[in-house]
Amino acid sequence: MIKEIRPTVFVVDDDAAVRDSLRMLFKSIGLPVEVFESGQEFLDAERDDRPGCLVLDIRMPGMSGLELQVKLNERHSILPIIFITGHGDVPMAVEAMQAGAVDFIQKPFRDQDLLDRINQALEKDAGSRRMLAERNMIRKRLESLTPREREVLDLVVAGKANKVIAGDLNLSQRTVEIHRARVMEKMEAHSLAHLVRMVLEVARTEE
Amino acid sequence: MLPIVPTLLSASGIDPARRGAAPGWLPCCPSAATRHHLGFAPLVRQPQDILLDDRMPAPGEDGPQRSSQADLDLRSLLDAAVDAVVVIDHRGVIEQFSRSAERIFGYRADEVTGRNVNVLMPEPFHSEHDGYLERYHRTREPRIIGVGREVVARRKDGSVFPCELAVGQVAGAVPPRFVGFIHDITLRKQADERLRRSETELRLAQELANLGNYVLHLDHSEPDYYSPQLHRILGITAMDDHVPLTTLLRLWAHPGDREKLDDAFAALQSKHGAFDAEYRIVRSDGATRNLHHIAQVTRDAQGRPRKHIGTVHDVTDRRQTEDEARQLQERLTHFSRLSTMGEMAAGLAHEINQPLSAITMYAKACQRFMTSPTRDDADVLESLEQISAQALRAGEVIRRLRQFVKNREVRREPVDCGRLLDDLRTLAETDARLHNVRLRIENADDLPTVYADPIQLQQVVLNLVRNAIDAMADAPETRRDVVLSAQLAAEGEIEIIVADHGSGLAPEAAKHLFNPFFTTKSSGTGLGLAISHSIVRAHGGRLWHTPNEGMGARFHFTLPVSPAPKGETTE
């Protein structure tokens, strides 16, 4: 969790006392916290794309927690959401989990249970952000390849031998070997397996 | 011949002085209720012989010349009589049959003259009459002569009618002759019967209605009258002449009603005195009865009170039934509040969990602040303050809940409507929050107070708010608003309106809306609106609904703005 930007816990709850007590709780363990009275207020806030997690009351007049979740998904938010539910809200909690929430916690709860979930959520957020960063890096490396190098890469990832590739592209085997070495270098691949994994990772998310 | 008339009349047991009182001049015999046969059998203890005419010949004995004047005189006398007059000889054979006898019996004189008088009698007397005559001749013991009797007779057409019969023996006639006077009393009998029946009906009606009446003659010109049912109502067998009814009632009046009764009696003494009071008495047998007593005093031309007439209606049973109905209604109202709270349990749990969750987190935060070297005491103080505030908040929810469900006496008091709605906010918002509904309360400023039971009013408002929330279950969340408002309406009424943006009321539902057990919800007793309706009505208001502007429904109810009604106690 050692990062340049410290993650923030965002709290959205219409009940002033619950909202404020959560603020105090996170403050007491030194976690940066920001509180919001409604879903709309949270959407309207300038948050940049800071790491952290969202603690969200599932029942609120006006925009409910579930509605806010839908709106955030539409905006491709990756902020992990922990729902606070009341007694008898299990069906709603299930709906929230299906829509991608990381967890829910039922009131009244022990503070440690909430903090454990917050930690998990923050770790998940950090992991997602790491993965996103890595993907962006791979994309940048792929973009640095020449069209010919890209052709060679695709055939290498398809599992073809240099000789076959040379035949397919109507090149000499030596030329293929040179392109392949440039690709490995530009992609910063330690091995053929590493190269394949990187290409597949990007391909999977771009489907 | 005229001098014989008084003799004849006295012989037949008729006081000539009363003759002028005809019709119905025959004195009623004491045993009028006992029906005797029409018997001419002359059973005279001391023969009151009729001095008809010494010269009057026995039939068949004398020539027509000698008796013609006497016969004519007798004939005209008989024909002048209003009653039927029949003269028979010692064998019972009819000798004279007056014109009125013809009218009463339907026979012409010539049809029956010479026939046995028993043709005028129904069985068994028809067959037995000869025997009566024979016994009289043998024993000389009179049974009917000189005594008026009520008997039955038979007309020519066979019909039977009641009559009064007087029989006398013609003085000096040998063998004896007898004269009978027959007075048809059919009409009087019918009138008697009608009177008896109407008296019976009156008595029965009084019994059924448990209503007694009385007449007090204040000038003592006649004895006071108390109906049998009045005796029963008062639990006595006879009125004591020395204790007037009014004194008795004052004596027995329930201590709580004594003043009321005294006031009523005082009003009765006033110039145009009338009396209409309901009060309780405790009878000598210990029973408490509720009496509705209406009375009036009539006065003579000089304004002196003459009669005090009154009815006393025992309304104990009705009062008891009303009391029971009221208690039942109150229990139902309470039951409905309980079941409302039951339905709201989830929301109430949430409402209590909110402050509890906050308290837990503030307390934990405090613990951590205390062990942190870099703590800020302001955070600790703020958290502690919030802990106590949230504990009070939870307590307040429980207090309101308990107040709402408590089984208590219905108690009316001056109520500030604005405050009432604010007080209700906690409970109403519980449900609103649970269903993602926004509740807005809009009070006009300076609303006058109403005189009402605050908890029952809260029950009505809460019921309407919950219905409004339920009505919007399928509405998009952005539309889920309930507006609760109170304002001063025209004519000294406060109007409370609950408006929603739900689907509105189906015409079919609107028709049965206030019927008990009618519900459009899958859960719910169907009592809410019915009970709300009766609560509002009991407070002198109205409850109705209109379509909301745009969409949904508005439920309105009014309460009269008034100080405590006179006579009502707030206890």
# chains A, B, ... in the order shown; residues from 1 in each chain; ligands from 1
$ select_by_dssp --residues "chain A" --states "strand (DSSP E)" --output "PyMOL selection string"
chain A and resi 8-12+33-36+52-57+81-85+103-106
$ write_last_selection --atoms "N, CA and C atoms" --output "PDB file, in the first residue's frame"
ATOM      1  N   THR A   8      -8.029   7.345  -0.628  1.00  0.00           N
ATOM      2  CA  THR A   8      -9.028   8.060   0.157  1.00  0.00           C
ATOM      3  C   THR A   8     -10.271   7.188   0.282  1.00  0.00           C
ATOM      4  N   VAL A   9     -10.881   7.213   1.488  1.00  0.00           N
ATOM      5  CA  VAL A   9     -12.173   6.528   1.642  1.00  0.00           C
ATOM      6  C   VAL A   9     -13.271   7.576   1.400  1.00  0.00           C
ATOM      7  N   PHE A  10     -14.126   7.272   0.420  1.00  0.00           N
ATOM      8  CA  PHE A  10     -15.262   8.158   0.149  1.00  0.00           C
ATOM      9  C   PHE A  10     -16.499   7.564   0.816  1.00  0.00           C
ATOM     10  N   VAL A  11     -17.252   8.400   1.501  1.00  0.00           N
ATOM     11  CA  VAL A  11     -18.453   7.925   2.203  1.00  0.00           C
ATOM     12  C   VAL A  11     -19.678   8.653   1.648  1.00  0.00           C
ATOM     13  N   VAL A  12     -20.668   7.895   1.221  1.00  0.00           N
ATOM     14  CA  VAL A  12     -21.941   8.518   0.819  1.00  0.00           C
ATOM     15  C   VAL A  12     -23.057   7.937   1.696  1.00  0.00           C
ATOM     16  N   VAL A  33     -10.348  10.766   4.345  1.00  0.00           N
ATOM     17  CA  VAL A  33     -11.761  10.446   4.149  1.00  0.00           C
ATOM     18  C   VAL A  33     -12.493  11.678   3.624  1.00  0.00           C
ATOM     19  N   GLU A  34     -13.438  11.427   2.714  1.00  0.00           N
ATOM     20  CA  GLU A  34     -14.300  12.507   2.228  1.00  0.00           C
ATOM     21  C   GLU A  34     -15.736  12.015   2.300  1.00  0.00           C
ATOM     22  N   VAL A  35     -16.625  12.874   2.830  1.00  0.00           N
ATOM     23  CA  VAL A  35     -18.012  12.418   2.997  1.00  0.00           C
ATOM     24  C   VAL A  35     -18.960  13.209   2.103  1.00  0.00           C
ATOM     25  N   PHE A  36     -20.023  12.505   1.661  1.00  0.00           N
ATOM     26  CA  PHE A  36     -21.028  13.121   0.774  1.00  0.00           C
ATOM     27  C   PHE A  36     -22.428  12.747   1.268  1.00  0.00           C
ATOM     28  N   GLY A  52      -8.699   4.711  -3.949  1.00  0.00           N
ATOM     29  CA  GLY A  52      -9.452   4.652  -2.698  1.00  0.00           C
ATOM     30  C   GLY A  52     -10.588   3.658  -2.815  1.00  0.00           C
ATOM     31  N   CYS A  53     -11.632   3.852  -2.011  1.00  0.00           N
ATOM     32  CA  CYS A  53     -12.817   3.013  -2.114  1.00  0.00           C
ATOM     33  C   CYS A  53     -14.026   3.825  -1.679  1.00  0.00           C
ATOM     34  N   LEU A  54     -15.192   3.272  -1.998  1.00  0.00           N
ATOM     35  CA  LEU A  54     -16.431   3.992  -1.720  1.00  0.00           C
ATOM     36  C   LEU A  54     -17.255   3.198  -0.708  1.00  0.00           C
ATOM     37  N   VAL A  55     -17.629   3.860   0.409  1.00  0.00           N
ATOM     38  CA  VAL A  55     -18.535   3.246   1.383  1.00  0.00           C
ATOM     39  C   VAL A  55     -19.912   3.867   1.130  1.00  0.00           C
ATOM     40  N   LEU A  56     -20.878   3.022   0.756  1.00  0.00           N
ATOM     41  CA  LEU A  56     -22.134   3.536   0.215  1.00  0.00           C
ATOM     42  C   LEU A  56     -23.340   2.943   0.951  1.00  0.00           C
ATOM     43  N   ASP A  57     -24.203   3.816   1.462  1.00  0.00           N
ATOM     44  CA  ASP A  57     -25.448   3.373   2.096  1.00  0.00           C
ATOM     45  C   ASP A  57     -26.396   2.905   0.979  1.00  0.00           C
ATOM     46  N   ILE A  81     -16.625  -0.684  -4.306  1.00  0.00           N
ATOM     47  CA  ILE A  81     -17.734  -0.204  -3.469  1.00  0.00           C
ATOM     48  C   ILE A  81     -18.037  -1.190  -2.356  1.00  0.00           C
ATOM     49  N   ILE A  82     -18.116  -0.684  -1.140  1.00  0.00           N
ATOM     50  CA  ILE A  82     -18.605  -1.483  -0.013  1.00  0.00           C
ATOM     51  C   ILE A  82     -19.961  -0.908   0.360  1.00  0.00           C
ATOM     52  N   PHE A  83     -20.984  -1.755   0.295  1.00  0.00           N
ATOM     53  CA  PHE A  83     -22.340  -1.283   0.634  1.00  0.00           C
ATOM     54  C   PHE A  83     -22.619  -1.481   2.119  1.00  0.00           C
ATOM     55  N   ILE A  84     -23.264  -0.483   2.687  1.00  0.00           N
ATOM     56  CA  ILE A  84     -23.771  -0.651   4.054  1.00  0.00           C
ATOM     57  C   ILE A  84     -25.259  -0.947   3.939  1.00  0.00           C
ATOM     58  N   THR A  85     -25.636  -2.078   4.462  1.00  0.00           N
ATOM     59  CA  THR A  85     -27.040  -2.494   4.345  1.00  0.00           C
ATOM     60  C   THR A  85     -27.676  -2.586   5.729  1.00  0.00           C
ATOM     61  N   ASP A 103     -18.084  -5.785  -1.697  1.00  0.00           N
ATOM     62  CA  ASP A 103     -18.541  -6.356  -0.430  1.00  0.00           C
ATOM     63  C   ASP A 103     -19.740  -5.578   0.099  1.00  0.00           C
ATOM     64  N   PHE A 104     -20.383  -6.174   1.111  1.00  0.00           N
ATOM     65  CA  PHE A 104     -21.396  -5.396   1.838  1.00  0.00           C
ATOM     66  C   PHE A 104     -21.295  -5.743   3.311  1.00  0.00           C
ATOM     67  N   ILE A 105     -21.745  -4.846   4.115  1.00  0.00           N
ATOM     68  CA  ILE A 105     -21.662  -5.049   5.558  1.00  0.00           C
ATOM     69  C   ILE A 105     -22.970  -4.590   6.169  1.00  0.00           C
ATOM     70  N   GLN A 106     -23.471  -5.413   7.065  1.00  0.00           N
ATOM     71  CA  GLN A 106     -24.807  -5.151   7.601  1.00  0.00           C
ATOM     72  C   GLN A 106     -24.727  -4.402   8.930  1.00  0.00           C
TER      73      GLN A 106
END
$ interface_residues --of "chain A" --to "chain B" --cutoff "12 Å" --atoms "only C-alpha atoms" --output "tab-separated table (two decimals) with N, CA and C atoms, in the first residue's frame"
chain	number	residue	atom	x	y	z
A	13	ASP	N	-23.63	8.77	2.56
A	13	ASP	CA	-24.72	8.33	3.46
A	13	ASP	C	-25.59	9.54	3.77
A	14	ASP	N	-26.90	9.36	3.70
A	14	ASP	CA	-27.79	10.51	3.95
A	14	ASP	C	-27.96	10.79	5.43
A	15	ASP	N	-27.60	9.83	6.29
A	15	ASP	CA	-27.75	10.03	7.73
A	15	ASP	C	-26.50	10.75	8.26
A	16	ALA	N	-26.73	11.99	8.74
A	16	ALA	CA	-25.60	12.83	9.15
A	16	ALA	C	-24.76	12.15	10.22
A	17	ALA	N	-25.39	11.51	11.18
A	17	ALA	CA	-24.64	10.92	12.28
A	17	ALA	C	-23.80	9.75	11.80
A	18	VAL	N	-24.38	8.90	10.98
A	18	VAL	CA	-23.64	7.75	10.47
A	18	VAL	C	-22.46	8.24	9.62
A	19	ARG	N	-22.75	9.21	8.79
A	19	ARG	CA	-21.72	9.79	7.90
A	19	ARG	C	-20.56	10.33	8.73
A	20	ASP	N	-20.92	11.13	9.75
A	20	ASP	CA	-19.88	11.78	10.55
A	20	ASP	C	-19.10	10.78	11.39
A	21	SER	N	-19.80	9.75	11.90
A	21	SER	CA	-19.08	8.77	12.73
A	21	SER	C	-18.10	7.97	11.87
A	22	LEU	N	-18.47	7.73	10.61
A	22	LEU	CA	-17.54	7.03	9.71
A	22	LEU	C	-16.33	7.92	9.45
A	23	ARG	N	-16.59	9.20	9.28
A	23	ARG	CA	-15.48	10.14	9.05
A	23	ARG	C	-14.50	10.08	10.22
A	24	MET	N	-15.10	10.11	11.46
A	24	MET	CA	-14.24	10.06	12.66
A	24	MET	C	-13.45	8.75	12.73
A	25	LEU	N	-14.13	7.65	12.40
A	25	LEU	CA	-13.49	6.34	12.49
A	25	LEU	C	-12.27	6.27	11.56
A	26	PHE	N	-12.45	6.72	10.30
A	26	PHE	CA	-11.34	6.64	9.35
A	26	PHE	C	-10.24	7.63	9.72
A	27	LYS	N	-10.68	8.76	10.26
A	27	LYS	CA	-9.70	9.75	10.70
A	27	LYS	C	-8.84	9.17	11.82
A	28	SER	N	-9.47	8.39	12.73
A	28	SER	CA	-8.75	7.87	13.89
A	28	SER	C	-7.67	6.87	13.49
A	29	ILE	N	-7.80	6.25	12.31
A	29	ILE	CA	-6.72	5.35	11.89
A	29	ILE	C	-5.88	6.00	10.80
A	30	GLY	N	-6.08	7.29	10.63
A	30	GLY	CA	-5.22	8.04	9.73
A	30	GLY	C	-5.50	7.84	8.26
A	31	LEU	N	-6.74	7.42	7.93
A	31	LEU	CA	-7.10	7.26	6.51
A	31	LEU	C	-7.74	8.56	6.02
A	40	GLN	N	-25.85	12.19	-5.80
A	40	GLN	CA	-25.65	13.27	-6.76
A	40	GLN	C	-24.46	14.15	-6.36
A	57	ASP	N	-24.20	3.82	1.46
A	57	ASP	CA	-25.45	3.37	2.10
A	57	ASP	C	-26.40	2.90	0.98
A	58	ILE	N	-26.92	1.71	1.14
A	58	ILE	CA	-27.74	1.16	0.05
A	58	ILE	C	-29.10	1.85	-0.04
A	59	ARG	N	-29.62	2.31	1.11
A	59	ARG	CA	-30.93	2.99	1.13
A	59	ARG	C	-30.75	4.48	1.32
A	60	MET	N	-31.17	5.23	0.33
A	60	MET	CA	-31.16	6.68	0.49
A	60	MET	C	-32.33	7.23	-0.30
A	61	PRO	N	-32.97	8.26	0.21
A	61	PRO	CA	-34.04	8.87	-0.57
A	61	PRO	C	-33.44	9.55	-1.80
A	62	GLY	N	-34.20	9.68	-2.83
A	62	GLY	CA	-33.68	10.25	-4.07
A	62	GLY	C	-32.89	9.19	-4.80
A	63	MET	N	-31.58	9.39	-5.00
A	63	MET	CA	-30.77	8.39	-5.69
A	63	MET	C	-30.30	7.37	-4.66
A	64	SER	N	-30.70	6.13	-4.87
A	64	SER	CA	-30.30	5.09	-3.92
A	64	SER	C	-28.86	4.67	-4.20
A	65	GLY	N	-28.31	3.90	-3.29
A	65	GLY	CA	-26.96	3.40	-3.47
A	65	GLY	C	-26.81	2.61	-4.76
A	66	LEU	N	-27.84	1.78	-5.04
A	66	LEU	CA	-27.76	0.95	-6.25
A	66	LEU	C	-27.75	1.82	-7.51
A	67	GLU	N	-28.55	2.89	-7.48
A	67	GLU	CA	-28.59	3.78	-8.65
A	67	GLU	C	-27.25	4.47	-8.86
A	84	ILE	N	-23.26	-0.48	2.69
A	84	ILE	CA	-23.77	-0.65	4.05
A	84	ILE	C	-25.26	-0.95	3.94
A	85	THR	N	-25.64	-2.08	4.46
A	85	THR	CA	-27.04	-2.49	4.34
A	85	THR	C	-27.68	-2.59	5.73
A	86	GLY	N	-29.00	-2.58	5.71
A	86	GLY	CA	-29.73	-2.77	6.97
A	86	GLY	C	-30.27	-4.17	7.04
A	87	HIS	N	-31.01	-4.39	8.11
A	87	HIS	CA	-31.66	-5.69	8.29
A	87	HIS	C	-32.65	-5.92	7.16
A	88	GLY	N	-32.60	-7.08	6.55
A	88	GLY	CA	-33.58	-7.40	5.51
A	88	GLY	C	-33.27	-6.83	4.14
A	89	ASP	N	-32.05	-6.37	3.96
A	89	ASP	CA	-31.70	-5.80	2.66
A	89	ASP	C	-30.93	-6.79	1.79
A	105	ILE	N	-21.74	-4.85	4.12
A	105	ILE	CA	-21.66	-5.05	5.56
A	105	ILE	C	-22.97	-4.59	6.17
A	106	GLN	N	-23.47	-5.41	7.07
A	106	GLN	CA	-24.81	-5.15	7.60
A	106	GLN	C	-24.73	-4.40	8.93
A	107	LYS	N	-25.57	-3.39	9.03
A	107	LYS	CA	-25.63	-2.61	10.27
A	107	LYS	C	-26.38	-3.38	11.34
A	108	PRO	N	-26.07	-3.25	12.62
A	108	PRO	CA	-24.86	-2.58	13.11
A	108	PRO	C	-23.65	-3.51	12.96
A	109	PHE	N	-22.50	-2.95	12.79
A	109	PHE	CA	-21.32	-3.79	12.52
A	109	PHE	C	-20.20	-3.39	13.48
A	110	ARG	N	-19.20	-4.30	13.59
A	110	ARG	CA	-18.01	-3.97	14.40
A	110	ARG	C	-17.09	-3.16	13.53
A	111	ASP	N	-16.44	-2.17	14.12
A	111	ASP	CA	-15.59	-1.28	13.33
A	111	ASP	C	-14.49	-2.06	12.62
A	112	GLN	N	-13.95	-3.12	13.30
A	112	GLN	CA	-12.84	-3.85	12.71
A	112	GLN	C	-13.29	-4.57	11.43
A	113	ASP	N	-14.53	-5.06	11.46
A	113	ASP	CA	-15.05	-5.73	10.26
A	113	ASP	C	-15.07	-4.76	9.09
A	114	LEU	N	-15.50	-3.54	9.37
A	114	LEU	CA	-15.55	-2.54	8.30
A	114	LEU	C	-14.13	-2.21	7.84
A	115	LEU	N	-13.23	-2.02	8.81
A	115	LEU	CA	-11.86	-1.64	8.45
A	115	LEU	C	-11.18	-2.74	7.63
$ atom_distance --atom1 "CA of Ile494 (chain B)" --atom2 "CA of Gln459 (chain B)"
16.9 Å
$ residues_around --residues "Gln206 (chain B)" --least-positions-apart "6" --cutoff "12 Å" --atoms "only C-alpha atoms" --output "list in words"
Ser198, Glu199, Thr200, Gly212, Asn213, Tyr214, Ser227, Pro228, Gln229, Leu230, His231, Arg232, Ile233, Thr311, Val312, His313 and Asp314 of chain B
$ write_last_selection --atoms "N, CA and C atoms" --output "PDB file, in the first residue's frame"
ATOM      1  N   SER B 198    -106.281  -2.368  23.645  1.00  0.00           N
ATOM      2  CA  SER B 198    -105.333  -1.276  23.520  1.00  0.00           C
ATOM      3  C   SER B 198    -104.576  -1.067  24.829  1.00  0.00           C
ATOM      4  N   GLU B 199    -105.266  -1.355  25.935  1.00  0.00           N
ATOM      5  CA  GLU B 199    -104.549  -1.268  27.211  1.00  0.00           C
ATOM      6  C   GLU B 199    -103.464  -2.323  27.291  1.00  0.00           C
ATOM      7  N   THR B 200    -103.815  -3.527  26.827  1.00  0.00           N
ATOM      8  CA  THR B 200    -102.830  -4.606  26.822  1.00  0.00           C
ATOM      9  C   THR B 200    -101.654  -4.251  25.920  1.00  0.00           C
ATOM     10  N   GLY B 212     -91.818   3.591  31.060  1.00  0.00           N
ATOM     11  CA  GLY B 212     -92.913   3.751  32.005  1.00  0.00           C
ATOM     12  C   GLY B 212     -93.437   5.175  31.933  1.00  0.00           C
ATOM     13  N   ASN B 213     -94.697   5.352  32.303  1.00  0.00           N
ATOM     14  CA  ASN B 213     -95.194   6.729  32.341  1.00  0.00           C
ATOM     15  C   ASN B 213     -95.974   6.961  33.612  1.00  0.00           C
ATOM     16  N   TYR B 214     -96.196   8.221  33.891  1.00  0.00           N
ATOM     17  CA  TYR B 214     -96.904   8.564  35.118  1.00  0.00           C
ATOM     18  C   TYR B 214     -97.617   9.896  34.929  1.00  0.00           C
ATOM     19  N   SER B 227     -97.570   3.779  35.670  1.00  0.00           N
ATOM     20  CA  SER B 227     -97.806   2.588  34.847  1.00  0.00           C
ATOM     21  C   SER B 227     -97.055   1.388  35.427  1.00  0.00           C
ATOM     22  N   PRO B 228     -97.555   0.178  35.118  1.00  0.00           N
ATOM     23  CA  PRO B 228     -96.907  -1.028  35.682  1.00  0.00           C
ATOM     24  C   PRO B 228     -95.415  -1.071  35.339  1.00  0.00           C
ATOM     25  N   GLN B 229     -95.085  -0.665  34.101  1.00  0.00           N
ATOM     26  CA  GLN B 229     -93.685  -0.761  33.698  1.00  0.00           C
ATOM     27  C   GLN B 229     -92.811   0.210  34.496  1.00  0.00           C
ATOM     28  N   LEU B 230     -93.403   1.332  34.887  1.00  0.00           N
ATOM     29  CA  LEU B 230     -92.640   2.283  35.704  1.00  0.00           C
ATOM     30  C   LEU B 230     -92.261   1.632  37.038  1.00  0.00           C
ATOM     31  N   HIS B 231     -93.193   0.880  37.585  1.00  0.00           N
ATOM     32  CA  HIS B 231     -92.884   0.156  38.822  1.00  0.00           C
ATOM     33  C   HIS B 231     -91.707  -0.783  38.606  1.00  0.00           C
ATOM     34  N   ARG B 232     -91.771  -1.491  37.472  1.00  0.00           N
ATOM     35  CA  ARG B 232     -90.701  -2.456  37.206  1.00  0.00           C
ATOM     36  C   ARG B 232     -89.368  -1.742  37.026  1.00  0.00           C
ATOM     37  N   ILE B 233     -89.401  -0.606  36.302  1.00  0.00           N
ATOM     38  CA  ILE B 233     -88.153   0.131  36.065  1.00  0.00           C
ATOM     39  C   ILE B 233     -87.546   0.574  37.398  1.00  0.00           C
ATOM     40  N   THR B 311     -92.560  10.542  31.101  1.00  0.00           N
ATOM     41  CA  THR B 311     -92.191   9.176  30.740  1.00  0.00           C
ATOM     42  C   THR B 311     -90.783   8.919  31.247  1.00  0.00           C
ATOM     43  N   VAL B 312     -90.562   7.696  31.664  1.00  0.00           N
ATOM     44  CA  VAL B 312     -89.239   7.297  32.141  1.00  0.00           C
ATOM     45  C   VAL B 312     -88.805   6.097  31.312  1.00  0.00           C
ATOM     46  N   HIS B 313     -87.738   6.299  30.565  1.00  0.00           N
ATOM     47  CA  HIS B 313     -87.263   5.257  29.661  1.00  0.00           C
ATOM     48  C   HIS B 313     -85.995   4.663  30.260  1.00  0.00           C
ATOM     49  N   ASP B 314     -86.007   3.365  30.462  1.00  0.00           N
ATOM     50  CA  ASP B 314     -84.815   2.695  30.991  1.00  0.00           C
ATOM     51  C   ASP B 314     -83.863   2.415  29.833  1.00  0.00           C
TER      52      ASP B 314
END
$ residues_around --residues "region 157-167 of chain A" --least-positions-apart "6" --cutoff "9 Å" --atoms "only C-alpha atoms" --output "PyMOL selection string"
chain A and resi 173-177+180+192+195-196+199-200
$ write_last_selection --atoms "N, CA and C atoms" --output "PDB file, in the first residue's frame"
ATOM      1  N   GLN A 173      15.050 -15.820 -43.493  1.00  0.00           N
ATOM      2  CA  GLN A 173      14.982 -16.247 -42.106  1.00  0.00           C
ATOM      3  C   GLN A 173      15.799 -15.330 -41.216  1.00  0.00           C
ATOM      4  N   ARG A 174      16.903 -14.825 -41.745  1.00  0.00           N
ATOM      5  CA  ARG A 174      17.784 -13.935 -41.000  1.00  0.00           C
ATOM      6  C   ARG A 174      17.079 -12.628 -40.664  1.00  0.00           C
ATOM      7  N   THR A 175      16.366 -12.093 -41.648  1.00  0.00           N
ATOM      8  CA  THR A 175      15.641 -10.841 -41.440  1.00  0.00           C
ATOM      9  C   THR A 175      14.581 -11.019 -40.339  1.00  0.00           C
ATOM     10  N   VAL A 176      13.893 -12.181 -40.419  1.00  0.00           N
ATOM     11  CA  VAL A 176      12.892 -12.470 -39.371  1.00  0.00           C
ATOM     12  C   VAL A 176      13.537 -12.490 -37.993  1.00  0.00           C
ATOM     13  N   GLU A 177      14.712 -13.109 -37.886  1.00  0.00           N
ATOM     14  CA  GLU A 177      15.398 -13.182 -36.590  1.00  0.00           C
ATOM     15  C   GLU A 177      15.729 -11.789 -36.061  1.00  0.00           C
ATOM     16  N   ARG A 180      12.553 -10.102 -34.857  1.00  0.00           N
ATOM     17  CA  ARG A 180      12.118 -10.746 -33.607  1.00  0.00           C
ATOM     18  C   ARG A 180      12.926 -10.242 -32.408  1.00  0.00           C
ATOM     19  N   LEU A 192       9.966 -15.677 -24.378  1.00  0.00           N
ATOM     20  CA  LEU A 192       8.853 -15.790 -25.337  1.00  0.00           C
ATOM     21  C   LEU A 192       7.531 -15.868 -24.585  1.00  0.00           C
ATOM     22  N   LEU A 195       6.360 -12.515 -23.449  1.00  0.00           N
ATOM     23  CA  LEU A 195       5.855 -11.743 -24.592  1.00  0.00           C
ATOM     24  C   LEU A 195       4.420 -12.149 -24.911  1.00  0.00           C
ATOM     25  N   VAL A 196       4.205 -13.443 -24.960  1.00  0.00           N
ATOM     26  CA  VAL A 196       2.856 -13.943 -25.288  1.00  0.00           C
ATOM     27  C   VAL A 196       1.834 -13.456 -24.244  1.00  0.00           C
ATOM     28  N   VAL A 199       0.874  -9.783 -24.732  1.00  0.00           N
ATOM     29  CA  VAL A 199       0.006  -9.557 -25.902  1.00  0.00           C
ATOM     30  C   VAL A 199      -1.417 -10.053 -25.611  1.00  0.00           C
ATOM     31  N   LEU A 200      -1.487 -11.218 -24.988  1.00  0.00           N
ATOM     32  CA  LEU A 200      -2.816 -11.773 -24.682  1.00  0.00           C
ATOM     33  C   LEU A 200      -3.564 -10.879 -23.692  1.00  0.00           C
TER      34      LEU A 200
END
$ residues_around --residues "Asp219 (chain B)" --least-positions-apart "4" --cutoff "12 Å" --atoms "only C-alpha atoms" --output "list in words"
Val215, Pro223, Asp224, Val297, Thr298, Arg299, Asp300, Arg304, Pro305, Arg306, Lys307 and His308 of chain B
